[in-house]
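Undergrad: Dropping in upload-v6.pdb, with PDB, C-alpha atoms.
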MODEL        1
ATOM      1  CA  MET T 722      77.884  53.572 121.831
ATOM      2  CA  VAL T 723      81.147  55.362 121.220
ATOM      3  CA  GLN T 724      83.771  53.705 123.383
ATOM      4  CA  SER T 725      87.353  52.769 122.861
ATOM      5  CA  VAL T 726      88.559  49.580 124.466
ATOM      6  CA  LYS T 727      90.370  51.536 127.150
ATOM      7  CA  THR T 728      87.280  53.515 128.090
ATOM      8  CA  ARG T 729      85.391  50.269 128.116
ATOM      9  CA  PHE T 730      87.906  48.790 130.547
ATOM     10  CA  ASP T 731      87.666  51.836 132.770
ATOM     11  CA  ALA T 732      83.898  51.479 132.753
ATOM     12  CA  SER T 733      84.268  47.794 133.585
ATOM     13  CA  PHE T 734      86.463  48.453 136.582
ATOM     14  CA  ALA T 735      84.141  51.169 137.839
ATOM     15  CA  ALA T 736      81.220  48.808 137.454
ATOM     16  CA  LEU T 737      83.050  46.105 139.379
ATOM     17  CA  SER T 738      83.875  48.386 142.302
ATOM     18  CA  ASP T 739      80.467  47.818 143.837
ATOM     19  CA  ALA T 740      79.668  44.696 145.870
ATOM     20  CA  THR T 741      76.036  44.487 144.754
ATOM     21  CA  ARG T 742      77.039  44.688 141.115
ATOM     22  CA  ARG T 743      79.653  41.981 141.589
ATOM     23  CA  GLY T 744      76.938  39.890 143.221
ATOM     24  CA  VAL T 745      74.661  40.504 140.260
ATOM     25  CA  LEU T 746      77.376  39.318 137.862
ATOM     26  CA  GLU T 747      77.919  36.217 139.965
ATOM     27  CA  GLN T 748      74.211  35.557 139.958
ATOM     28  CA  LEU T 749      73.956  36.036 136.191
ATOM     29  CA  GLY T 750      76.911  33.699 135.787
ATOM     30  CA  ARG T 751      74.644  30.975 137.154
ATOM     31  CA  ALA T 752      71.520  31.892 135.228
ATOM     32  CA  ASP T 753      69.873  34.736 133.369
ATOM     33  CA  ALA T 754      67.468  36.696 135.516
ATOM     34  CA  SER T 755      64.899  39.460 135.263
ATOM     35  CA  ILE T 756      65.408  42.788 136.992
ATOM     36  CA  THR T 757      62.558  41.859 139.349
ATOM     37  CA  ASP T 758      64.314  38.591 140.285
ATOM     38  CA  LEU T 759      67.532  40.443 140.955
ATOM     39  CA  ALA T 760      65.833  43.159 142.999
ATOM     40  CA  GLU T 761      64.242  40.508 145.201
ATOM     41  CA  LYS T 762      67.410  38.518 145.600
ATOM     42  CA  PHE T 763      69.403  41.566 146.651
ATOM     43  CA  HIS T 764      66.576  43.104 148.725
ATOM     44  CA  MET T 765      66.434  46.238 146.666
ATOM     45  CA  THR T 766      63.853  48.365 145.000
ATOM     46  CA  LEU T 767      63.252  47.861 141.314
ATOM     47  CA  THR T 768      64.597  51.346 140.622
ATOM     48  CA  GLY T 769      67.777  50.674 142.584
ATOM     49  CA  MET T 770      68.429  47.442 140.742
ATOM     50  CA  LYS T 771      67.716  49.102 137.413
ATOM     51  CA  LYS T 772      70.474  51.594 138.176
ATOM     52  CA  HIS T 773      73.003  48.872 138.972
ATOM     53  CA  VAL T 774      72.101  46.914 135.866
ATOM     54  CA  GLY T 775      72.397  50.122 133.855
ATOM     55  CA  VAL T 776      75.979  50.617 135.046
ATOM     56  CA  LEU T 777      76.858  47.011 134.223
ATOM     57  CA  GLU T 778      75.216  47.359 130.841
ATOM     58  CA  GLN T 779      77.123  50.566 130.110
ATOM     59  CA  ALA T 780      80.362  48.707 130.799
ATOM     60  CA  GLY T 781      79.380  45.935 128.418
ATOM     61  CA  LEU T 782      79.361  43.413 131.262
ATOM     62  CA  VAL T 783      75.655  42.727 131.076
ATOM     63  CA  THR T 784      73.169  42.800 128.252
ATOM     64  CA  THR T 785      69.440  43.104 128.745
ATOM     65  CA  GLU T 786      66.539  42.257 126.553
ATOM     66  CA  LYS T 787      62.936  43.177 127.050
ATOM     67  CA  VAL T 788      60.419  40.509 126.191
ATOM     68  CA  GLY T 789      56.865  41.597 126.842
ATOM     69  CA  ARG T 790      56.979  43.312 130.227
ATOM     70  CA  VAL T 791      59.984  41.481 131.549
ATOM     71  CA  ARG T 792      63.545  42.712 131.106
ATOM     72  CA  THR T 793      65.951  39.773 131.188
ATOM     73  CA  CYS T 794      69.595  40.288 132.053
ATOM     74  CA  LYS T 795      72.486  38.121 131.010
ATOM     75  CA  LEU T 796      76.253  38.265 131.127
ATOM     76  CA  GLY T 797      77.654  40.396 128.354
ATOM     77  CA  LEU T 798      81.311  39.503 128.899
ATOM     78  CA  HIS T 799      81.445  37.720 125.634
ATOM     79  CA  ARG T 800      81.128  40.915 123.654
ATOM     80  CA  LEU T 801      83.964  42.507 125.550
ATOM     81  CA  GLU T 802      86.216  39.534 124.883
ATOM     82  CA  GLU T 803      85.238  39.515 121.253
ATOM     83  CA  GLU T 804      86.110  43.139 120.774
ATOM     84  CA  THR T 805      89.440  42.751 122.524
ATOM     85  CA  ALA T 806      90.277  39.700 120.414
ATOM     86  CA  TRP T 807      89.324  41.570 117.245
ATOM     87  CA  ILE T 808      91.616  44.475 118.070
ATOM     88  CA  GLU T 809      94.394  42.117 119.071
ATOM     89  CA  ARG T 810      94.232  40.261 115.780
ATOM     90  CA  TYR T 811      94.251  43.514 113.863
ATOM     91  CA  ARG T 812      97.282  44.538 115.905
ATOM     92  CA  GLN T 813      99.037  41.270 115.092
ATOM     93  CA  LEU T 814      98.516  41.895 111.388
ATOM     94  CA  TRP T 815     100.090  45.340 111.549
ATOM     95  CA  ASP T 816     102.794  44.153 113.885
ATOM     96  CA  ALA T 817     103.802  41.492 111.347
ATOM     97  CA  ARG T 818     103.857  44.106 108.596
ATOM     98  CA  PHE T 819     105.880  46.525 110.668
ATOM     99  CA  GLU T 820     108.421  43.874 111.572
ATOM    100  CA  GLU T 821     109.119  43.511 107.856
ATOM    101  CA  LEU T 822     109.104  47.294 107.473
ATOM    102  CA  ASP T 823     111.785  47.487 110.197
ATOM    103  CA  LYS T 824     114.028  45.407 107.963
ATOM    104  CA  VAL T 825     113.409  47.714 105.005
ATOM    105  CA  VAL T 826     114.189  50.759 107.158
ATOM    106  CA  GLU T 827     117.406  49.172 108.442
ATOM    107  CA  GLU T 828     118.491  48.395 104.914
ATOM    108  CA  LEU T 829     117.721  51.887 103.626
ATOM    109  CA  LYS T 830     119.635  53.357 106.543
ATOM    110  CA  ARG T 831     122.663  51.242 105.710
ATOM    111  CA  LYS T 832     122.463  52.195 102.037
ATOM    112  CA  GLU T 833     122.145  55.845 102.889
ATOM    113  CA  LYS T 834     125.241  55.650 105.059
ATOM    114  CA  VAL T 835     127.213  54.143 102.213
ATOM    115  CA  HIS T 836     125.942  56.178  99.269
ATOM    116  CA  GLY T 837     123.693  59.010 100.201
ATOM    117  CA  ARG T 838     125.601  60.941 102.810
ATOM    118  CA  LYS T 839     127.420  63.159 100.334
ATOM    119  CA  LYS T 840     124.194  64.291  98.707
ATOM    120  CA  ARG T 841     122.489  65.276 101.922
ATOM    121  CA  LYS T 842     123.844  67.762 104.310
TER     122      LYS T 842
ATOM    123  CA  MET U 480     119.509  38.861 128.538
ATOM    124  CA  ASP U 481     122.432  38.470 126.171
ATOM    125  CA  ALA U 482     123.257  42.071 125.617
ATOM    126  CA  ARG U 483     126.542  41.775 123.817
ATOM    127  CA  ARG U 484     126.587  40.734 120.225
ATOM    128  CA  GLU U 485     128.568  43.432 118.544
ATOM    129  CA  SER U 486     128.492  42.111 115.020
ATOM    130  CA  GLU U 487     124.721  41.720 114.771
ATOM    131  CA  PRO U 488     122.997  44.161 117.073
ATOM    132  CA  THR U 489     119.394  43.219 117.602
ATOM    133  CA  PRO U 490     117.396  46.418 117.440
ATOM    134  CA  MET U 491     114.833  46.745 120.172
ATOM    135  CA  LYS U 492     111.439  45.794 118.890
ATOM    136  CA  ASN U 493     108.965  48.637 119.033
ATOM    137  CA  ARG U 494     105.421  48.035 120.084
ATOM    138  CA  THR U 495     102.480  48.335 117.710
ATOM    139  CA  THR U 496      99.343  49.688 119.313
ATOM    140  CA  VAL U 497      95.831  49.690 117.926
ATOM    141  CA  GLU U 498      93.058  51.736 119.404
ATOM    142  CA  ARG U 499      89.497  52.085 118.328
ATOM    143  CA  LYS U 500      89.006  55.822 118.795
ATOM    144  CA  SER U 501      85.338  55.802 117.995
ATOM    145  CA  GLU U 502      82.914  53.489 116.296
ATOM    146  CA  ARG U 503      84.196  54.647 112.897
ATOM    147  CA  GLU U 504      87.878  55.251 113.648
ATOM    148  CA  LEU U 505      90.870  53.081 114.231
ATOM    149  CA  VAL U 506      94.390  54.285 115.020
ATOM    150  CA  VAL U 507      97.534  52.195 114.681
ATOM    151  CA  THR U 508     100.811  53.592 116.047
ATOM    152  CA  ARG U 509     104.390  52.393 115.925
ATOM    153  CA  THR U 510     107.871  53.868 116.262
ATOM    154  CA  PHE U 511     110.553  53.061 113.690
ATOM    155  CA  ASN U 512     114.275  53.309 114.285
ATOM    156  CA  GLY U 513     114.973  55.536 111.322
ATOM    157  CA  PRO U 514     114.397  59.062 110.061
ATOM    158  CA  ALA U 515     111.021  60.076 108.640
ATOM    159  CA  ARG U 516     112.312  60.396 105.087
ATOM    160  CA  ILE U 517     113.287  56.720 105.085
ATOM    161  CA  VAL U 518     110.056  55.477 106.625
ATOM    162  CA  PHE U 519     108.094  57.678 104.228
ATOM    163  CA  GLU U 520     110.053  56.242 101.323
ATOM    164  CA  ALA U 521     109.160  52.720 102.433
ATOM    165  CA  TRP U 522     105.456  53.694 102.285
ATOM    166  CA  THR U 523     105.605  55.374  98.914
ATOM    167  CA  LYS U 524     107.800  53.232  96.655
ATOM    168  CA  PRO U 525     106.140  50.149  95.205
ATOM    169  CA  GLU U 526     109.334  48.085  95.204
ATOM    170  CA  LEU U 527     109.696  48.787  98.946
ATOM    171  CA  ILE U 528     106.078  48.437 100.023
ATOM    172  CA  LYS U 529     106.014  45.061  98.298
ATOM    173  CA  ARG U 530     108.582  43.854 100.765
ATOM    174  CA  TRP U 531     106.543  44.464 103.881
ATOM    175  CA  TRP U 532     102.836  44.962 103.149
ATOM    176  CA  VAL U 533     102.142  41.248 102.896
ATOM    177  CA  PRO U 534     104.188  39.501 105.563
ATOM    178  CA  LYS U 535     104.828  35.808 105.093
ATOM    179  CA  SER U 536     102.536  35.021 107.981
ATOM    180  CA  MET U 537      99.576  36.310 105.965
ATOM    181  CA  ASP U 538      99.694  33.402 103.554
ATOM    182  CA  MET U 539      98.964  35.693 100.640
ATOM    183  CA  SER U 540     101.029  37.362  98.036
ATOM    184  CA  LEU U 541     101.029  40.758  96.481
ATOM    185  CA  LEU U 542     100.560  39.992  92.803
ATOM    186  CA  SER U 543     100.979  43.553  91.636
ATOM    187  CA  CYS U 544     101.355  46.979  93.116
ATOM    188  CA  GLU U 545     101.039  50.279  91.288
ATOM    189  CA  MET U 546     101.263  53.588  93.097
ATOM    190  CA  ASP U 547     101.246  57.086  91.705
ATOM    191  CA  VAL U 548     102.014  58.978  94.894
ATOM    192  CA  ARG U 549     100.821  62.498  94.037
ATOM    193  CA  VAL U 550      97.673  64.380  94.984
ATOM    194  CA  GLY U 551      94.971  62.781  92.837
ATOM    195  CA  GLY U 552      97.258  59.916  91.847
ATOM    196  CA  LYS U 553      95.891  56.376  91.962
ATOM    197  CA  TYR U 554      97.102  53.229  93.598
ATOM    198  CA  ARG U 555      96.150  49.652  92.955
ATOM    199  CA  PHE U 556      97.287  46.578  94.906
ATOM    200  CA  VAL U 557      96.317  43.111  93.763
ATOM    201  CA  PHE U 558      96.533  40.305  96.306
ATOM    202  CA  GLY U 559      95.835  36.630  96.155
ATOM    203  CA  HIS U 560      96.366  33.262  97.745
ATOM    204  CA  ASP U 561      97.048  32.258  94.153
ATOM    205  CA  ALA U 562      96.644  33.983  90.797
ATOM    206  CA  SER U 563      93.203  32.481  90.159
ATOM    207  CA  LYS U 564      91.331  34.512  92.781
ATOM    208  CA  PRO U 565      92.920  37.922  92.846
ATOM    209  CA  MET U 566      91.577  40.699  95.078
ATOM    210  CA  ALA U 567      92.138  44.300  94.133
ATOM    211  CA  PHE U 568      92.526  47.120  96.593
ATOM    212  CA  PHE U 569      92.514  50.574  95.035
ATOM    213  CA  GLY U 570      91.917  54.278  95.539
ATOM    214  CA  ARG U 571      93.500  57.701  95.279
ATOM    215  CA  TYR U 572      95.970  59.800  97.177
ATOM    216  CA  ILE U 573      94.316  62.996  98.345
ATOM    217  CA  GLU U 574      97.202  64.465 100.295
ATOM    218  CA  VAL U 575     100.920  63.917  99.882
ATOM    219  CA  THR U 576     103.315  65.910 102.064
ATOM    220  CA  PRO U 577     106.792  64.455 101.735
ATOM    221  CA  TYR U 578     108.181  62.880 104.884
ATOM    222  CA  SER U 579     105.256  63.892 107.060
ATOM    223  CA  ARG U 580     101.772  63.047 105.814
ATOM    224  CA  LEU U 581      99.930  60.786 103.402
ATOM    225  CA  VAL U 582      96.175  60.558 102.946
ATOM    226  CA  TRP U 583      94.427  58.139 100.638
ATOM    227  CA  THR U 584      90.971  56.888  99.913
ATOM    228  CA  ASN U 585      89.958  53.329  99.382
ATOM    229  CA  GLU U 586      87.438  52.908  96.614
ATOM    230  CA  GLU U 587      86.767  49.273  95.924
ATOM    231  CA  SER U 588      83.494  49.538  97.827
ATOM    232  CA  ASP U 589      81.328  52.137  99.536
ATOM    233  CA  ASP U 590      82.683  50.904 102.851
ATOM    234  CA  GLY U 591      86.240  51.989 102.127
ATOM    235  CA  ALA U 592      88.111  54.063 104.680
ATOM    236  CA  VAL U 593      90.034  57.288 104.359
ATOM    237  CA  THR U 594      93.501  56.563 105.704
ATOM    238  CA  THR U 595      95.818  59.232 107.075
ATOM    239  CA  VAL U 596      99.394  58.297 107.883
ATOM    240  CA  THR U 597     101.586  60.777 109.712
ATOM    241  CA  PHE U 598     105.346  60.508 110.187
ATOM    242  CA  GLU U 599     106.800  62.421 113.100
ATOM    243  CA  GLU U 600     110.562  62.432 113.479
ATOM    244  CA  GLN U 601     112.278  62.791 116.813
ATOM    245  CA  ASP U 602     115.933  62.050 117.587
ATOM    246  CA  GLY U 603     116.355  60.062 114.405
ATOM    247  CA  LYS U 604     113.316  57.914 115.114
ATOM    248  CA  THR U 605     109.910  58.145 113.513
ATOM    249  CA  LEU U 606     106.598  57.883 115.262
ATOM    250  CA  LEU U 607     104.087  56.670 112.739
ATOM    251  CA  ALA U 608     100.340  57.003 113.258
ATOM    252  CA  MET U 609      97.867  55.500 110.859
ATOM    253  CA  HIS U 610      94.338  56.750 111.265
ATOM    254  CA  GLU U 611      91.502  55.042 109.422
ATOM    255  CA  LEU U 612      88.101  56.664 109.180
ATOM    256  CA  TYR U 613      85.288  54.432 107.962
ATOM    257  CA  PRO U 614      81.931  55.607 106.623
ATOM    258  CA  SER U 615      80.054  53.611 109.278
ATOM    259  CA  LYS U 616      80.514  51.426 112.328
ATOM    260  CA  GLU U 617      79.457  48.397 110.274
ATOM    261  CA  ALA U 618      82.163  49.113 107.710
ATOM    262  CA  LEU U 619      84.838  49.218 110.397
ATOM    263  CA  ASP U 620      83.534  46.047 112.035
ATOM    264  CA  ALA U 621      83.609  44.272 108.687
ATOM    265  CA  ALA U 622      87.097  45.521 107.852
ATOM    266  CA  GLY U 623      88.403  44.372 111.198
ATOM    267  CA  THR U 624      86.887  40.954 110.830
ATOM    268  CA  GLY U 625      88.382  40.674 107.352
ATOM    269  CA  ALA U 626      91.839  41.611 108.545
ATOM    270  CA  ALA U 627      91.467  39.302 111.491
ATOM    271  CA  ASP U 628      90.519  36.448 109.183
ATOM    272  CA  ALA U 629      93.738  36.994 107.285
ATOM    273  CA  THR U 630      95.670  36.108 110.395
ATOM    274  CA  VAL U 631      93.493  33.223 111.519
ATOM    275  CA  GLU U 632      95.557  30.775 109.504
ATOM    276  CA  THR U 633      98.665  31.948 111.257
ATOM    277  CA  PHE U 634      97.078  31.216 114.595
ATOM    278  CA  ALA U 635      95.952  27.841 113.359
ATOM    279  CA  GLN U 636      99.549  27.101 112.387
ATOM    280  CA  LEU U 637     100.774  28.324 115.729
ATOM    281  CA  ASP U 638      98.246  26.114 117.494
ATOM    282  CA  GLU U 639      99.523  23.155 115.528
ATOM    283  CA  LEU U 640     103.064  23.990 116.408
ATOM    284  CA  LEU U 641     102.184  24.242 120.085
ATOM    285  CA  VAL U 642     100.532  20.861 119.947
ATOM    286  CA  THR U 643     103.569  19.407 118.225
ATOM    287  CA  LEU U 644     105.791  20.872 120.883
ATOM    288  CA  GLY U 645     103.650  19.162 123.451
ATOM    289  CA  ALA U 646     102.489  22.365 125.088
ATOM    290  CA  SER U 647      99.255  21.727 126.885
ATOM    291  CA  VAL U 648      96.429  23.842 125.599
ATOM    292  CA  GLY U 649      94.677  24.084 128.906
ATOM    293  CA  ARG U 650      91.120  24.890 128.023
TER     294      ARG U 650
ENDMDL
END
Go ahead and express the file in the form of structure tokens.

TA:
Amino acid sequence: MVQSVKTRFDASFAALSDATRRGVLEQLGRADASITDLAEKFHMTLTGMKKHVGVLEQAGLVTTEKVGRVRTCKLGLHRLEEETAWIERYRQLWDARFEELDKVVEELKRKEKVHGRKKRK
Amino acid sequence: MDARRESEPTPMKNRTTVERKSERELVVTRTFNGPARIVFEAWTKPELIKRWWVPKSMDMSLLSCEMDVRVGGKYRFVFGHDASKPMAFFGRYIEVTPYSRLVWTNEESDDGAVTTVTFEEQDGKTLLAMHELYPSKEALDAAGTGAADATVETFAQLDELLVTLGASVGR
């Protein structure tokens, strides 16, 4: 699935805007459940619940796995956190590099002021 | 905020952003308080790149660094925690446009990215964008994890420091 973190967040917020879907997340926070279980619990048709779970799945908030004829749903938050942490650590690496690069740039600027000005226009 | 320190002005720190544009692409952006020709120079001269590519926090050193910054020219960086287990990072420059654009390949494995760095000057500042395109999603995932691992030790040290300082790690 091609999604940047930002798009993923947008999808998450959209997914969370619905009360039933928030209820489903709360429910899955207590225990994994099949789509049938969830449909019963929320007094919905199987098709209706499938749609909600689909939205949550799209946002990376829920993962589902089909074993035999039963599709089990579980919280997928972990993956979202993992991806965010991964990006953040990558950012930290470049941020540390760029902080050093700032110093190099400052030094070159100073040198240029002292020596180079005559050569350039 | 202590705004007045005439002798040693503290330049405002610019923010580094990282965005995963697609499953194979990563973009890092940052503004530098200097003209493009200076920032470009810092990316293309070995004696300068040596000073920032491996920050102290990485707990690694750059053992050697050769760069022939011309179209088709090769580069080779050798890193290591110590000299006994060196890691080489090499490839070729495929585009070199002074002060505005650099493109290089990374060839130490089939999973290497093609990196494009652009330098855009505005009012004496330079907006730098580094775009990495990996051959597959798996390659990007692996590269990210590798880079992340390089900083894990830093976090471990920070954790230790926080404990020493008596900060409660409330988890």

Undergrad: Write out as a Markdown table the residues of chain U that have any atom within 7 Å of an atom of chain T, one row each with the nearest atom pair and its distance in Å to one decimal, counting all atoms listed in the file, sorted by chain and then rising number.

TA:
| residue | atom | partner | partner_atom | distance |
| --- | --- | --- | --- | --- |
| U:Thr495 | CA | T:Asp816 | CA | 5.7 |
| U:Thr496 | CA | T:Arg812 | CA | 6.5 |
| U:Val497 | CA | T:Arg812 | CA | 5.7 |
| U:Glu498 | CA | T:Ser725 | CA | 6.8 |
| U:Arg499 | CA | T:Ser725 | CA | 5.1 |
| U:Lys500 | CA | T:Ser725 | CA | 5.3 |
| U:Ser501 | CA | T:Val723 | CA | 5.3 |
| U:Glu502 | CA | T:Val723 | CA | 5.6 |
| U:Phe511 | CA | T:Asp823 | CA | 6.7 |
| U:Gly513 | CA | T:Val826 | CA | 6.4 |
| U:Ile517 | CA | T:Val826 | CA | 6.4 |
| U:Val518 | CA | T:Val826 | CA | 6.3 |
| U:Trp531 | CA | T:Glu821 | CA | 4.8 |
| U:Trp532 | CA | T:Arg818 | CA | 5.6 |
| U:Val533 | CA | T:Arg818 | CA | 6.6 |
| U:Pro534 | CA | T:Arg818 | CA | 5.5 |
| U:Gly623 | CA | T:Tyr811 | CA | 6.5 |
| U:Thr624 | CA | T:Trp807 | CA | 6.9 |
| U:Ala626 | CA | T:Tyr811 | CA | 6.1 |
| U:Ala627 | CA | T:Arg810 | CA | 5.2 |
| U:Thr630 | CA | T:Leu814 | CA | 6.5 |

Undergrad: Can you pull out every residue within 8 Å of U:Leu541, counting all atoms listed in the file, but drop anything in the same chain fewer than 5 positions away, and send it as a count of residues only?

TA: 6

Undergrad: Have a look at atom CA of U:Val575 and atom CA of U:Val548 and let me know their distance in Å, one decimal.

TA: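 Atom CA of U:Val548 lies at a distance of 7.1 Å from atom CA of U:Val575.
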
Undergrad: Please report the interatomic distance between atom CA of T:Ser733 and atom CA of T:Lys772 in Å with one decimal.

TA: 15.0 Å

Undergrad: Between atom CA of U:Leu581 and atom CA of U:Thr597, measure the distance and give it in Å to one decimal.

TA: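 Between these atoms lies a distance of 6.5 Å.
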
Undergrad: The PyMOL selection byres ((chain T and resi 777) around 12) - which residues does that actually catch in the file I just gave you? List them as a PyMOL selection string.

TA: chain T and resi 729-739+741-746+749+770-776+778-785+794-798

Undergrad: Compile the contact shell of U:Thr594 as a ChimeraX atom specification: residues with an atom at most 12 Å away, counting all atoms listed in the file, same-chain residues fewer than 4 positions apart removed.

TA: /U:503-507,570-575,580-586,608-614

Undergrad: For the point (92.6, 36.8, 92.4) in the file's frame, write as an MDAnalysis selection string all residues with an atom no more than 12 Å away, counting only C-alpha atoms.

TA: chainID U and resid 539:543 556:568
